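Asks: Okay, so here is entry-v6.cif, and as you'll see once you scroll down, it has mmCIF, C-alpha atoms.
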data_coords
#
loop_
_atom_site.label_atom_id
_atom_site.label_comp_id
_atom_site.auth_asym_id
_atom_site.auth_seq_id
_atom_site.Cartn_x
_atom_site.Cartn_y
_atom_site.Cartn_z
CA MET F 135 71.28 89.53 130.61
CA SER F 136 73.01 89.86 133.95
CA SER F 137 76.69 90.16 134.70
CA PHE F 138 78.47 86.83 134.66
CA ALA F 139 81.76 88.02 136.16
CA PRO F 140 81.90 85.29 138.87
CA HIS F 141 81.41 82.64 136.16
CA PRO F 142 83.27 83.89 133.08
CA LEU F 143 83.04 80.59 131.18
CA LEU F 144 79.27 80.36 131.56
CA GLY F 145 79.02 84.04 130.69
CA ARG F 146 80.98 83.61 127.46
CA LEU F 147 78.97 80.55 126.49
CA LEU F 148 75.67 82.32 127.10
CA ARG F 149 76.75 85.42 125.18
CA GLN F 150 77.85 83.24 122.27
CA ALA F 151 74.55 81.36 122.46
CA ASP F 152 72.73 84.69 122.39
CA ARG F 153 74.57 85.75 119.23
CA LEU F 154 73.90 82.43 117.49
CA SER F 155 70.26 82.47 118.60
CA LEU F 156 69.85 85.94 117.10
CA ARG F 157 71.15 84.66 113.77
CA ALA F 158 68.81 81.69 113.99
CA ALA F 159 65.90 84.04 114.67
CA TRP F 160 66.88 86.12 111.63
CA PHE F 161 66.92 82.93 109.57
CA GLY F 162 63.44 82.08 110.83
CA GLY F 163 62.22 85.58 110.04
CA ALA F 164 63.66 85.36 106.54
CA LEU F 165 61.81 82.09 105.97
CA THR F 166 58.56 83.68 107.13
CA LEU F 167 59.04 86.67 104.81
CA ALA F 168 59.88 84.38 101.92
CA SER F 169 56.66 82.43 102.48
CA VAL F 170 54.68 85.69 102.63
CA PHE F 171 56.15 86.85 99.32
CA LEU F 172 55.45 83.46 97.75
CA ILE F 173 51.81 83.53 98.86
CA CYS F 174 51.36 87.12 97.66
CA PHE F 175 52.89 86.24 94.29
CA ASP F 176 50.66 83.18 94.01
CA VAL F 177 47.52 85.23 94.76
CA ILE F 178 48.45 87.94 92.26
CA VAL F 179 49.23 85.63 89.34
CA ARG F 180 46.12 83.57 90.07
CA LYS F 181 43.98 86.72 90.05
CA PHE F 182 45.40 88.45 86.98
CA PHE F 183 46.95 85.67 84.89
CA GLY F 184 44.79 82.67 85.73
CA PHE F 185 47.47 80.25 86.89
CA THR F 186 49.09 79.28 90.16
CA VAL F 187 52.67 78.47 91.10
CA GLY F 188 51.40 75.74 93.43
CA GLY F 189 52.72 74.58 96.78
CA SER F 190 52.66 77.97 98.49
CA ASP F 191 50.39 76.72 101.27
CA GLU F 192 52.57 73.65 101.81
CA LEU F 193 55.85 75.57 101.82
CA SER F 194 54.47 78.26 104.11
CA GLY F 195 53.50 75.55 106.61
CA TYR F 196 57.05 74.21 106.60
CA ALA F 197 58.41 77.74 106.94
CA PHE F 198 56.18 78.45 109.93
CA ALA F 199 57.26 75.31 111.79
CA ILE F 200 60.97 75.85 111.08
CA SER F 201 60.97 79.57 111.86
CA THR F 202 59.18 78.90 115.15
CA SER F 203 61.68 76.30 116.38
CA TRP F 204 64.68 78.36 115.25
CA SER F 205 63.42 81.43 117.13
CA LEU F 206 62.62 79.72 120.45
CA ALA F 207 66.10 80.03 121.95
CA PHE F 208 66.32 83.77 121.30
CA VAL F 209 62.86 84.33 122.80
CA VAL F 210 63.70 82.45 126.01
CA LEU F 211 67.12 84.07 126.37
CA HIS F 212 65.42 87.46 126.27
CA ARG F 213 62.54 86.31 128.47
CA GLY F 214 59.96 86.90 125.78
CA ASN F 215 58.01 83.73 126.56
CA VAL F 216 54.58 84.24 128.10
CA ARG F 217 54.16 83.52 131.81
CA VAL F 218 51.21 84.08 134.13
CA ASP F 219 52.40 86.47 136.82
CA VAL F 220 49.22 87.39 138.71
CA LEU F 221 50.44 85.87 142.00
CA TYR F 222 54.13 85.86 141.07
CA LEU F 223 54.49 89.61 141.58
CA LEU F 224 53.14 89.33 145.14
CA LEU F 225 55.62 86.68 146.29
CA PRO F 226 58.87 87.27 148.21
CA VAL F 227 61.91 87.72 145.98
CA ARG F 228 63.61 84.46 146.99
CA LEU F 229 60.46 82.43 146.49
CA SER F 230 59.81 83.99 143.09
CA ALA F 231 63.43 83.24 142.12
CA LEU F 232 62.88 79.59 143.05
CA LEU F 233 59.74 79.58 140.89
CA ASP F 234 61.77 81.07 138.05
CA TRP F 235 64.20 78.17 138.32
CA ILE F 236 61.36 75.63 138.48
CA SER F 237 59.74 77.16 135.40
CA LEU F 238 63.04 76.80 133.54
CA VAL F 239 63.26 73.15 134.59
CA ALA F 240 59.65 72.51 133.51
CA LEU F 241 60.25 74.14 130.15
CA GLY F 242 63.40 72.06 129.71
CA VAL F 243 61.60 68.79 130.50
CA PHE F 244 58.83 69.61 128.04
CA LEU F 245 61.27 70.51 125.27
CA VAL F 246 63.40 67.41 125.80
CA PHE F 247 60.33 65.23 125.29
CA LEU F 248 59.22 67.32 122.31
CA THR F 249 62.66 67.14 120.71
CA TYR F 250 62.95 63.41 121.32
CA TYR F 251 59.67 62.57 119.61
CA ALA F 252 60.27 65.14 116.85
CA SER F 253 63.61 63.49 116.10
CA ILE F 254 61.87 60.10 115.88
CA VAL F 255 59.46 61.58 113.33
CA GLY F 256 62.32 63.00 111.26
CA GLN F 257 64.34 59.79 111.49
CA THR F 258 61.34 57.71 110.40
CA SER F 259 60.78 59.96 107.39
CA TRP F 260 64.47 59.60 106.47
CA LEU F 261 64.52 55.78 106.80
CA GLN F 262 61.25 55.30 104.94
CA ASN F 263 62.07 57.96 102.34
CA SER F 264 58.67 59.54 103.03
CA SER F 265 57.41 62.38 100.87
CA ALA F 266 54.46 64.72 101.15
CA ASN F 267 51.22 63.64 99.52
CA THR F 268 51.17 66.82 97.42
CA PRO F 269 52.12 67.82 93.87
CA LEU F 270 55.53 68.94 95.18
CA ALA F 271 56.16 65.54 96.80
CA THR F 272 58.56 67.20 99.24
CA PRO F 273 60.91 64.74 101.02
CA LEU F 274 59.59 65.14 104.56
CA TRP F 275 62.96 64.66 106.25
CA ILE F 276 64.11 68.05 104.93
CA PRO F 277 61.57 70.32 106.69
CA GLN F 278 61.36 67.95 109.64
CA GLY F 279 65.14 67.88 109.99
CA LEU F 280 65.36 71.69 109.98
CA TRP F 281 62.54 71.79 112.52
CA VAL F 282 64.38 69.35 114.80
CA ILE F 283 67.64 71.33 114.51
CA GLY F 284 65.88 74.36 116.00
CA LEU F 285 64.52 72.25 118.86
CA VAL F 286 67.93 70.71 119.56
CA TRP F 287 69.52 74.16 119.70
CA MET F 288 66.79 75.28 122.08
CA CYS F 289 67.59 72.33 124.38
CA LEU F 290 71.31 73.20 124.37
CA VAL F 291 70.61 76.84 125.21
CA LEU F 292 68.20 75.82 127.97
CA THR F 293 70.86 73.54 129.42
CA LEU F 294 73.30 76.47 129.63
CA MET F 295 70.63 78.68 131.17
CA LEU F 296 69.69 76.02 133.71
CA ILE F 297 73.31 75.46 134.77
CA ARG F 298 73.84 79.20 135.22
CA ALA F 299 70.55 79.66 137.07
CA SER F 300 71.29 76.69 139.33
CA VAL F 301 74.71 78.06 140.24
CA ALA F 302 73.21 81.48 140.92
CA LEU F 303 70.42 80.00 143.05
CA VAL F 304 72.82 77.90 145.15
CA THR F 305 75.21 80.82 145.70
CA GLY F 306 72.39 83.18 146.59
CA ASP F 307 72.77 85.40 143.52
CA ILE F 308 69.05 86.09 143.30
CA GLU F 309 69.53 89.03 140.94
CA ALA F 310 71.25 86.79 138.39
CA VAL F 311 68.39 84.27 138.58
CA LYS F 312 65.80 87.01 138.05
CA THR F 313 67.72 88.55 135.18
CA LEU F 314 68.32 85.23 133.47
CA CYS F 315 64.91 83.56 133.73
CA GLY F 316 62.59 85.83 135.70
CA VAL F 317 59.48 87.57 134.43
CA ARG F 318 60.27 90.85 132.73
CA THR F 319 59.09 93.83 134.72
CA SER F 320 57.12 96.69 133.22
CA GLU F 321 60.11 98.96 133.88
CA GLU F 322 62.39 96.73 131.79
CA GLU F 323 59.88 96.64 128.95
CA ALA F 324 59.45 100.42 129.07
CA GLU F 325 63.22 100.89 129.02
CA GLU F 326 63.59 98.65 125.98
CA GLU F 327 60.80 100.51 124.18
CA ALA F 328 62.51 103.81 124.98
CA ILE F 329 65.83 102.54 123.60
CA ALA F 330 64.11 101.25 120.45
CA GLY F 331 62.34 104.60 119.99
CA GLU F 332 65.61 106.46 120.42
CA ARG F 333 67.22 104.32 117.74
CA MET F 334 64.33 105.01 115.36
CA VAL F 335 64.63 108.76 115.94
CA LYS F 336 68.39 108.66 115.31
CA GLY F 337 67.80 106.62 112.17
CA GLU F 338 65.28 109.14 110.82
CA LYS F 339 67.64 112.03 111.51
CA ALA F 340 70.50 110.22 109.79
#
Take the structure from the file and write it as structure tokens.
Replies:
Amino acid sequence: MSSFAPHPLLGRLLRQADRLSLRAAWFGGALTLASVFLICFDVIVRKFFGFTVGGSDELSGYAFAISTSWSLAFVVLHRGNVRVDVLYLLLPVRLSALLDWISLVALGVFLVFLTYYASIVGQTSWLQNSSANTPLATPLWIPQGLWVIGLVWMCLVLTLMLIRASVALVTGDIEAVKTLCGVRTSEEEAEEEAIAGERMVKGEKA
């Protein structure tokens, strides 16, 4: 992420959001691993002992939805979301920065609508005390509520990013716009891979 010296408050908020988003992503990853272990255990006991724990497919579906929504903010903060850049790389820097801002706005609009309707689904399940039509009879508001929490956090993080990008665009800080919401260059990706490789080598030596 770029330097936020001219806007220390926004910088602190974004750095804090980055730390919280990392923890949320770890939580999502832990849920995914837990579902993998549950499925593996279910397959093994079914194969060798002739019984099943039941519900592994249902719980893994919940885990996938929750882990996805809880990881979105971290992905966007680190510009890991997929974007088509065939023509983007050929455009002037200022025009591409404007497109970066527009893409952030478009993503925000989409997520606001998604979060709104997802919250209606969760609220309906809560009011009607709905449960899954499965042997587990899971109260649907629990996985749906956790799913919505991830989407709400994503909307809050996007709001911070959009405010910072808008300020940078108006003040002509093109570099900040590119660093905050631009497409990652091949040089940046190569640098990150080099840093990750260096850490692995140091870890093996330790």
Asks: Quick check on the file I pasted: which residues fall under the PyMOL selection byres ((chain F and resi 287-303) around 8)? Write them as JSON, numbers by chain.
Replies: {"F": [144, 147, 148, 151, 203, 204, 206, 207, 231, 232, 235, 238, 239, 242, 245, 246, 283, 284, 285, 286, 304, 305, 306, 307, 308, 310, 311, 314, 315]}
Asks: Between F:Gln278, F:Ser169, F:Ser194, F:Ser253, which has the minimum distance to Ser265 (chain F) (counting only C-alpha atoms)?
Replies: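 Distance minimum relative to Ser265 (chain F) lands on F:Gln278.
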Asks: Care to translate the PyMOL selection byres ((chain F and resi 223) around 12) into actual residues of this file, as a PyMOL selection string?
Replies: chain F and resi 217-222+224-231+233-234+316-320
Asks: Expressed in Å to a single decimal, how great is the separation between CA of Leu270 (chain F) and CA of Tyr196 (chain F)?
Replies: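 So the answer is 12.7 Å.
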Asks: Pick out the closest residue to Lys312 (chain F) from this set: F:Arg153, F:Thr166, F:Ser237, F:Gly188. Count only C-alpha atoms.
Replies: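 Of all the options, F:Ser237 lies closest to Lys312 (chain F).
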Asks: Measuring between all atoms listed in the file, which one of F:Ala159, F:His212, F:Phe175, F:Ala164 shows the shortest distance to Thr313 (chain F)?
Replies: F:His212
Asks: Between CA of Asp152 (chain F) and CA of Leu274 (chain F), what distance in Å does the model show, to one decimal?
Replies: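 According to the coordinates, CA of Asp152 (chain F) and CA of Leu274 (chain F) are separated by 29.5 Å.
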Asks: With distances taken over only C-alpha atoms, which of F:Ile236, F:Leu143, F:Leu241, F:Ala158 is nearest to Val210 (chain F)?
Replies: F:Leu241
Asks: Between CA of Ala266 (chain F) and CA of Leu167 (chain F), what distance in Å does the model show, to one decimal?
Replies: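 Separating CA of Ala266 (chain F) from CA of Leu167 (chain F) is a distance of 22.7 Å.
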Asks: Between F:Arg149, F:Phe247, F:Gln262, F:Gln257, which one has atoms that come closest to Phe208 (chain F), using all atoms listed in the file?
Replies: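 Of F:Arg149, F:Phe247, F:Gln262, F:Gln257, the one nearest Phe208 (chain F), counting all atoms listed in the file, is F:Arg149.
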Asks: Have region 276-287 of chain F completed to all heavy atoms, please, and pass it along as a PDB file, in the frame of the given file.
Replies:
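In the end it all went to selection_30.pdb:
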ATOM      1  N   ILE F 276      63.463  66.731 105.057  1.00  0.00           N
ATOM      2  CA  ILE F 276      64.110  68.050 104.930  1.00  0.00           C
ATOM      3  C   ILE F 276      63.464  69.071 105.858  1.00  0.00           C
ATOM      4  O   ILE F 276      64.153  69.643 106.720  1.00  0.00           O
ATOM      5  CB  ILE F 276      64.091  68.520 103.462  1.00  0.00           C
ATOM      6  CG1 ILE F 276      64.897  67.559 102.587  1.00  0.00           C
ATOM      7  CG2 ILE F 276      64.657  69.938 103.357  1.00  0.00           C
ATOM      8  CD1 ILE F 276      64.870  67.894 101.108  1.00  0.00           C
ATOM      9  N   PRO F 277      62.157  69.362 105.730  1.00  0.00           N
ATOM     10  CA  PRO F 277      61.570  70.320 106.690  1.00  0.00           C
ATOM     11  C   PRO F 277      61.567  69.807 108.120  1.00  0.00           C
ATOM     12  O   PRO F 277      61.773  70.577 109.068  1.00  0.00           O
ATOM     13  CB  PRO F 277      60.141  70.519 106.157  1.00  0.00           C
ATOM     14  CG  PRO F 277      59.856  69.307 105.344  1.00  0.00           C
ATOM     15  CD  PRO F 277      61.162  68.905 104.743  1.00  0.00           C
ATOM     16  N   GLN F 278      61.360  68.504 108.286  1.00  0.00           N
ATOM     17  CA  GLN F 278      61.360  67.950 109.640  1.00  0.00           C
ATOM     18  C   GLN F 278      62.740  68.024 110.273  1.00  0.00           C
ATOM     19  O   GLN F 278      62.872  68.299 111.466  1.00  0.00           O
ATOM     20  CB  GLN F 278      60.850  66.510 109.608  1.00  0.00           C
ATOM     21  CG  GLN F 278      59.373  66.393 109.301  1.00  0.00           C
ATOM     22  CD  GLN F 278      58.922  64.964 109.080  1.00  0.00           C
ATOM     23  OE1 GLN F 278      59.736  64.040 109.047  1.00  0.00           O
ATOM     24  NE2 GLN F 278      57.627  64.757 108.910  1.00  0.00           N
ATOM     25  N   GLY F 279      63.774  67.789 109.472  1.00  0.00           N
ATOM     26  CA  GLY F 279      65.140  67.880 109.990  1.00  0.00           C
ATOM     27  C   GLY F 279      65.485  69.295 110.427  1.00  0.00           C
ATOM     28  O   GLY F 279      66.086  69.510 111.486  1.00  0.00           O
ATOM     29  N   LEU F 280      65.106  70.286 109.615  1.00  0.00           N
ATOM     30  CA  LEU F 280      65.360  71.690 109.980  1.00  0.00           C
ATOM     31  C   LEU F 280      64.570  72.069 111.223  1.00  0.00           C
ATOM     32  O   LEU F 280      65.057  72.824 112.077  1.00  0.00           O
ATOM     33  CB  LEU F 280      64.983  72.599 108.811  1.00  0.00           C
ATOM     34  CG  LEU F 280      65.891  72.508 107.583  1.00  0.00           C
ATOM     35  CD1 LEU F 280      65.311  73.307 106.428  1.00  0.00           C
ATOM     36  CD2 LEU F 280      67.299  73.011 107.921  1.00  0.00           C
ATOM     37  N   TRP F 281      63.364  71.547 111.337  1.00  0.00           N
ATOM     38  CA  TRP F 281      62.540  71.790 112.520  1.00  0.00           C
ATOM     39  C   TRP F 281      63.205  71.212 113.766  1.00  0.00           C
ATOM     40  O   TRP F 281      63.293  71.874 114.811  1.00  0.00           O
ATOM     41  CB  TRP F 281      61.172  71.160 112.275  1.00  0.00           C
ATOM     42  CG  TRP F 281      60.223  71.167 113.423  1.00  0.00           C
ATOM     43  CD1 TRP F 281      59.824  72.245 114.164  1.00  0.00           C
ATOM     44  CD2 TRP F 281      59.522  70.034 113.953  1.00  0.00           C
ATOM     45  NE1 TRP F 281      58.915  71.854 115.129  1.00  0.00           N
ATOM     46  CE2 TRP F 281      58.714  70.503 115.012  1.00  0.00           C
ATOM     47  CE3 TRP F 281      59.485  68.686 113.628  1.00  0.00           C
ATOM     48  CZ2 TRP F 281      57.894  69.655 115.755  1.00  0.00           C
ATOM     49  CZ3 TRP F 281      58.664  67.841 114.365  1.00  0.00           C
ATOM     50  CH2 TRP F 281      57.888  68.330 115.418  1.00  0.00           C
ATOM     51  N   VAL F 282      63.727  70.007 113.663  1.00  0.00           N
ATOM     52  CA  VAL F 282      64.380  69.350 114.800  1.00  0.00           C
ATOM     53  C   VAL F 282      65.659  70.080 115.189  1.00  0.00           C
ATOM     54  O   VAL F 282      65.982  70.199 116.381  1.00  0.00           O
ATOM     55  CB  VAL F 282      64.667  67.875 114.479  1.00  0.00           C
ATOM     56  CG1 VAL F 282      65.541  67.244 115.561  1.00  0.00           C
ATOM     57  CG2 VAL F 282      63.368  67.094 114.339  1.00  0.00           C
ATOM     58  N   ILE F 283      66.409  70.590 114.203  1.00  0.00           N
ATOM     59  CA  ILE F 283      67.640  71.330 114.510  1.00  0.00           C
ATOM     60  C   ILE F 283      67.349  72.514 115.427  1.00  0.00           C
ATOM     61  O   ILE F 283      68.075  72.774 116.401  1.00  0.00           O
ATOM     62  CB  ILE F 283      68.322  71.799 113.215  1.00  0.00           C
ATOM     63  CG1 ILE F 283      68.938  70.607 112.480  1.00  0.00           C
ATOM     64  CG2 ILE F 283      69.402  72.842 113.511  1.00  0.00           C
ATOM     65  CD1 ILE F 283      69.496  70.961 111.113  1.00  0.00           C
ATOM     66  N   GLY F 284      66.268  73.236 115.140  1.00  0.00           N
ATOM     67  CA  GLY F 284      65.880  74.360 116.000  1.00  0.00           C
ATOM     68  C   GLY F 284      65.549  73.912 117.407  1.00  0.00           C
ATOM     69  O   GLY F 284      65.916  74.572 118.389  1.00  0.00           O
ATOM     70  N   LEU F 285      64.871  72.772 117.537  1.00  0.00           N
ATOM     71  CA  LEU F 285      64.520  72.250 118.860  1.00  0.00           C
ATOM     72  C   LEU F 285      65.757  71.786 119.623  1.00  0.00           C
ATOM     73  O   LEU F 285      65.865  72.003 120.843  1.00  0.00           O
ATOM     74  CB  LEU F 285      63.525  71.102 118.715  1.00  0.00           C
ATOM     75  CG  LEU F 285      62.139  71.463 118.159  1.00  0.00           C
ATOM     76  CD1 LEU F 285      61.294  70.203 117.971  1.00  0.00           C
ATOM     77  CD2 LEU F 285      61.427  72.443 119.077  1.00  0.00           C
ATOM     78  N   VAL F 286      66.697  71.156 118.913  1.00  0.00           N
ATOM     79  CA  VAL F 286      67.930  70.710 119.560  1.00  0.00           C
ATOM     80  C   VAL F 286      68.720  71.902 120.078  1.00  0.00           C
ATOM     81  O   VAL F 286      69.250  71.891 121.205  1.00  0.00           O
ATOM     82  CB  VAL F 286      68.783  69.874 118.585  1.00  0.00           C
ATOM     83  CG1 VAL F 286      70.176  69.620 119.160  1.00  0.00           C
ATOM     84  CG2 VAL F 286      68.101  68.549 118.271  1.00  0.00           C
ATOM     85  N   TRP F 287      68.800  72.952 119.263  1.00  0.00           N
ATOM     86  CA  TRP F 287      69.520  74.160 119.700  1.00  0.00           C
ATOM     87  C   TRP F 287      68.838  74.778 120.925  1.00  0.00           C
ATOM     88  O   TRP F 287      69.507  75.231 121.858  1.00  0.00           O
ATOM     89  CB  TRP F 287      69.587  75.171 118.562  1.00  0.00           C
ATOM     90  CG  TRP F 287      70.206  76.470 118.962  1.00  0.00           C
ATOM     91  CD1 TRP F 287      69.606  77.682 119.019  1.00  0.00           C
ATOM     92  CD2 TRP F 287      71.557  76.684 119.393  1.00  0.00           C
ATOM     93  NE1 TRP F 287      70.484  78.639 119.453  1.00  0.00           N
ATOM     94  CE2 TRP F 287      71.681  78.063 119.688  1.00  0.00           C
ATOM     95  CE3 TRP F 287      72.650  75.850 119.548  1.00  0.00           C
ATOM     96  CZ2 TRP F 287      72.881  78.601 120.136  1.00  0.00           C
ATOM     97  CZ3 TRP F 287      73.849  76.402 119.999  1.00  0.00           C
ATOM     98  CH2 TRP F 287      73.953  77.758 120.284  1.00  0.00           C
TER      99      TRP F 287
END
